[in-house]
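Enquirer: Submitted below is the structure of interest, expressed as C-alpha cells.
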2 protein chains.
Amino acid sequence: MNVEEFMKKHGIEVGDYVRLVKLEDGEKIEYEGLVMPPYELSEGDTLVIKLDNGYNIGIAVDKITSIEVVEKAKAKPEVHFKAELEPKPGLPSVTILGTGGTIASRIDYETGAVYPAFTAEELAKAVPEIFEIANVRPRLLFNIFSEDMKPSHWIKIAHEVAKELNSGAYGVIVAHGTDTMGYTSAALSFMLRDLAKPVILVGAQRSSDRPSSDAAMNLICSVRMATSEVAEVMVVMHGETGDTYCLAHRGTKVRKMHTSRRDAFRSINDIPIAKIWGDGRIEFLRDDYRKRGEGEVWVDDKLEEKVALVKIYPGTAPEIIDFLVDRGYRGIVIEGTGLGHTPNDMIPSIRRAVEEGVAVCMTSQCLYGRVNMNVYATGRKLLKAGVIPCEDMLPETAYVKLMWVLGHTQDLNEVRKMMLTNYAGEITPYTKPNTYLI
Amino acid sequence: MNVEEFMKKHGIEVGDYVRLVKLEDGEKIEYEGLVMPPYELSEGDTLVIKLDNGYNIGIAVDKITSIEVVEKAKAKPEVHFKAELEPKPGLPSVTILGTGGTIASRIDYETGAVYPAFTAEELAKAVPEIFEIANVRPRLLFNIFSEDMKPSHWIKIAHEVAKELNSGAYGVIVAHGTDTMGYTSAALSFMLRDLAKPVILVGAQRSSDRPSSDAAMNLICSVRMATSEVAEVMVVMHGETGDTYCLAHRGTKVRKMHTSRRDAFRSINDIPIAKIWGDGRIEFLRDDYRKRGEGEVWVDDKLEEKVALVKIYPGTAPEIIDFLVDRGYRGIVIEGTGLGHTPNDMIPSIRRAVEEGVAVCMTSQCLYGRVNMNVYATGRKLLKAGVIPCEDMLPETAYVKLMWVLGHTQDLNEVRKMMLTNYAGEITPYTKPNTYLI
C-alpha cells in the first residue's frame, strides 16, 4: 500500500497529530507526532511524522499496526497577501533564488505544510518578518538535492545572481541544500568578480532539535545580511543550537561540520564576518571585509571539470593517482595527513602526474591549521615533485579553486601563482587566535 | 655547501644560540635561535634553528649572508644512569615501543639534542619523571614516518604489544608519529582482543607554541595512563595548548584535527576517557571504560587490504567507484555529504559494486554527527543499493574496521552485521551532549 492510500484508508490528513504503533522485529514501538506531507522526497510507502522532539521519522506503512488521530489538523486561516507583497517604498530589494533543499521547499514545518513552489505568498505566510526588512522577491531556479549539485549548477547560479545584482537587487540570497552549500559558496566566491553587493547562501538543517525549524530564523538573518554593507559571498546559518543568533561566514572558509545540528556550519581557520542577532542587529566580528560599492559584477565562469579530490590514508594505493592521470584529469587536490604528507611510495606517481602537466595541490585532512611542507623530508620531497602547498585552504575550497584556476590556465607555473593568490579570502595570511574548534 | 660544511666553516655547533641574516627575494630577514642538529629529516643544505617562539625553521645555507654565535652551547653534565635504571621494587613495568616520529627520536628539544636510538638512558635523561612512575623499558620496533605506516605495520605493532603484555608488562606505550596515529589506534583497538591492560599511543606535535616540546608531558601522562585501570587502546596527547593536562582518548574515536597545535587530537562524537593533570592525577570523565583484568590478550590480525576510502564532492566521477571494483577492491568506505549522501548519478556504480560483492559503507565528511540515510530519498536509494550506514563512526575508523571485518568474512550480510557491531567503542549508541567541536 502506498502512503496516500494508507492515509485515505485511515482518514489521516497532513497536519494531523497521530499516535501509531509500529511493529519491527516482533517489537511494538509507539510514536506520536504530526503527519508530514508525502512530498516528493519520500518513497511512496513511507509515512513521515514529526516527533515532539523536532525530528522527522519515516515509517513504512506496512509496519504500522494501528494509527489514531489525537488531534485533527487546524484549518488554515485564509490570508490575503496581495497588499503585503506590493513593494514598500523605502525598502531595499532582495532576490531569493531557490535551488532546492529544505529551506526552499518546506518553510512551514510547524504546521506540516509544504511549499515546493516557493512563491512570495508562501514566504510571506511562513516568514512575514522578512518583508519588513526588504522587498523580497523569490524566484525558483531549479529544485535539486544539494548532493546532486554539479559545477554546471554553480555556473547557472552565478549568472542568475549577477543578473539580479546588475538589474537593481540590493542583495541576493541563494536558498540551497546544506550538504554541499560550502562548495557552492566557494565556487560563487571565485566566479563573482568585482562583487559590490552581498550574496548570501542560506539553508536549513533538517533535523532540528526543537519543534520549530531553523529555516525561518536563518532566512530572516540572511535577508538582514543581504541588506548589509558586506560585498562578499557568505553563508548565513545558525550560530548555536538555540534561536539567539546566526553567523555570517566567509564563503571560502566555511564547512558543514555536523550532520544534523542547527549550528553545523563553521568558519575554519578564520573568524566569521558577523553575528546576526534574533532582533536583526548585526554585530561585526571583524572589519576587513569587502565593502558595498558601485559597479557591475561579472561572472568569470571558466571551470575545468577534470579535477579530483583525493583523501590520503595508510595503505592508499598510488595507482589511484595513476588512474586519474590516465583518465585525463588536469588537477588533483590531495587531502594529505598532518602538515601535508602522503606515503613516500606515492611520490613517484605524483611526480609523474606533475611531469604530465597535472596540477597537484596539497591540503590537510586535519582541516584546522596550515600545510607546511618544509618541516619534514616527506613534505620537501613532495614539494620537489612539484606539489603546490595550499596554505590554510580547506580541501573543499582548494578543489573548487583548482577547477576555476585550471579554467584560466594550465601552465603549471601560472597555476601555482594563482593557487597561492588570495582571490576571495580563501587564504588567511596568518592564523588568528580563537579559530580552532569554535 | 651542505649544512655540516657550513657549520664547520662558521664554527657553529648544535645547541649554539645564533643570530643570522637570510637573503630572500632581495630582502634581508634576521633570525635568532638555537641550532638544531642536522638529523636525518633535513635535506643536506638546510640549517634548522629553533626560534624563541618554539617553532623550528629550516633555512637553506646558501641564503644565509651572515651568521654569528650569540651564546655557545652549554656543556652537557655527565649523568650516570646505571643505578636509576635498575628496576625499582614496587613500581609497575611499562614498555615503550618506538615506531618513529618526533617523540621517539627527538625528546630533548630544549637543548637541541637528538635521540634517534631511543634508549632507556636517553629517556631517563630527557624525562626522568617517568622512572618515578614505572620501571620503563623502551624498545625500538622500527623508525618510520607515520605517513608511511601500512596495515602490515599495524599487525607488527599489535603482536609486539601483545607479547609485552603477555610477558608481564603492566601497560604498553606505543610512541608514534602524529600524522596517522588515529588510524593505528583504531587498528589496535580492533586487533587486540580480550585486552585486560592499558595500551597507549603517544606522540609529539612538532610545531609547539612554546620553546619546550610537548613530548615530555605527553610521555609522562602516557606512562601514568599505562599504569591506570583502563584496559583500552587510547591516544594520550595534550588537552590544551599549555602544559596543564593531557587527554586520554578512546582509540576508535580520536582524530588529529589540527596540523600543528599541541592539542590537535580530539575525541569526535564522544567524550575522552580521562584528563591527566600535570601533577599526574587522573580525572576520569566517564566510568564506562573497560577495566583492567586478568587473562592474555590475543591478536586478531586478519586484514583485507583491498579497501579504499573515497571522499565525495560535487562532480565526483562515478568511474572512481568502477575503477576500484575493476581493480579487485573488496571494500569501499564512502565519506559522503551531510547525513550520508552521494550524488544520485553515482548510485548505479555503487549498486554494481555491491552486486559484485564489494562492501560499500557510508560515513560523513561532516565528521561530527551521525549518518542517517532514512531521512532523504537519496539516502534511502543508497540503502536500497546495499550501502551499510556506519552510524557515528569516523570515516578513518570505518576504513580500518572494514579492512578488519573483511579479513573475517566477505559475505555481505555478515559484513553488515559486524560493521554495525560495537567492538571497541567505535559506535556510540546515542550522541552525548558536549561532544561537538570541543
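Chains: A, B, ... in order of the C-alpha cells. Residues: from 1 per chain. Ligands: from 1, in order shown.
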Set the distance at 10 Å and use only C-alpha atoms: which residues neighbour stretch 410-426 of chain A once local chain neighbours fewer than 3 positions away are removed? I'd like the list as JSON, numbers by chain.
Expert: {"A": [186, 188, 189, 190, 191, 192, 193, 232, 233, 250, 251, 252, 253, 254, 269, 270, 289, 290, 304, 330, 331, 354, 355, 357, 358, 359, 360, 361, 386, 387, 388, 389, 390, 391, 392, 393, 394, 397, 398, 401, 402, 404, 405, 406, 407, 429]}
Enquirer: Using only C-alpha atoms, select each residue of chain B with any atom at most 8 Å away from an atom of chain A, and give the selection as a ChimeraX atom specification.
Expert: /B:41-43,56-58,147-151,178-180,183,255-261,305,308-311,313-316,337-339,341-345,364-371,374-377,396,437-438
Enquirer: May I ask for the distance between atom CA of B:Lys156 and atom CA of B:Thr409, given in Å to one decimal place?
Expert: 21.9 Å
Enquirer: Taking only C-alpha atoms into account, name the residue in B:Ala196, B:Ala248, B:Ala274, B:Val235 that is nearest to B:Gly293.
Expert: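 Once distances to B:Gly293 are computed over only C-alpha atoms, the minimum belongs to B:Ala196.
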Enquirer: Select from stretch 189-405 of chain A everything DSSP, run on the backbone, classes as alpha helix (DSSP H), then give the selection as a ChimeraX atom specification.
Expert: /A:189-191,215-226,319-326,347-355,377-384,395-405
Enquirer: DSSP says strand (DSSP E or B) for which residues of stretch 294-435 of chain B? Put them as a VMD selection string?
Expert: chain B and resid 298 to 299 307 to 311 331 to 337 341 359 to 364 368 388 to 389
Enquirer: Mind writing the picked residues with C-alpha atoms as a PDB file, in the first residue's frame?
Expert:
ATOM      1  CA  TRP B 298      45.434 -12.175  21.654  1.00  0.00           C
ATOM      2  CA  VAL B 299      45.867 -10.603  18.259  1.00  0.00           C
ATOM      3  CA  VAL B 307      39.812  -1.420   0.829  1.00  0.00           C
ATOM      4  CA  ALA B 308      39.573   2.248  -0.177  1.00  0.00           C
ATOM      5  CA  LEU B 309      38.300   5.432   1.453  1.00  0.00           C
ATOM      6  CA  VAL B 310      36.597   7.740  -1.060  1.00  0.00           C
ATOM      7  CA  LYS B 311      35.564  11.294  -0.316  1.00  0.00           C
ATOM      8  CA  GLY B 331      35.501  -2.784   0.346  1.00  0.00           C
ATOM      9  CA  ILE B 332      34.864   0.935  -0.140  1.00  0.00           C
ATOM     10  CA  VAL B 333      34.189   3.411   2.660  1.00  0.00           C
ATOM     11  CA  ILE B 334      32.458   6.498   1.314  1.00  0.00           C
ATOM     12  CA  GLU B 335      32.926   9.808   3.061  1.00  0.00           C
ATOM     13  CA  GLY B 336      29.588  11.193   1.928  1.00  0.00           C
ATOM     14  CA  THR B 337      27.976  14.595   2.339  1.00  0.00           C
ATOM     15  CA  HIS B 341      24.779  11.009   0.609  1.00  0.00           C
ATOM     16  CA  ALA B 359      31.139  -3.963   0.758  1.00  0.00           C
ATOM     17  CA  VAL B 360      30.212  -0.284   0.495  1.00  0.00           C
ATOM     18  CA  CYS B 361      29.975   1.638   3.780  1.00  0.00           C
ATOM     19  CA  MET B 362      28.771   5.183   4.407  1.00  0.00           C
ATOM     20  CA  THR B 363      30.273   7.802   6.730  1.00  0.00           C
ATOM     21  CA  SER B 364      30.015  11.583   6.714  1.00  0.00           C
ATOM     22  CA  TYR B 368      30.609  15.264  13.750  1.00  0.00           C
ATOM     23  CA  ILE B 388      25.946  -0.028   5.018  1.00  0.00           C
ATOM     24  CA  PRO B 389      25.352   3.107   7.161  1.00  0.00           C
TER      25      PRO B 389
END
Enquirer: Would you mind reading off the distance between atom CA of B:Leu195 and atom CA of B:Leu140, one decimal, in Å?
Expert: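 Value for the atom CA of B:Leu195-atom CA of B:Leu140 distance: 22.4 Å.
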Enquirer: What gap, in Å, lies between atom CA of A:Pro272 and atom CA of A:Gly98?
Expert: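 These two atoms are separated by 24.2 Å.
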Enquirer: List as a ChimeraX atom specification the protein and nucleic acid residues near B:Phe131, meaning an atom at most 10 Å away when only C-alpha atoms are counted, but skip any in the same chain fewer than 2 places from it.
Expert: /B:84-88,91,93-94,120,123-124,127-129,133-137,220,223
Enquirer: Select, from A:Ser66, A:Asn218, A:Asn166, A:Ser349, the residue with the minimum atom-to-atom distance to A:Lys275, counting only C-alpha atoms.
Expert: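 Of the candidates, the smallest distance to A:Lys275 is held by A:Asn218.
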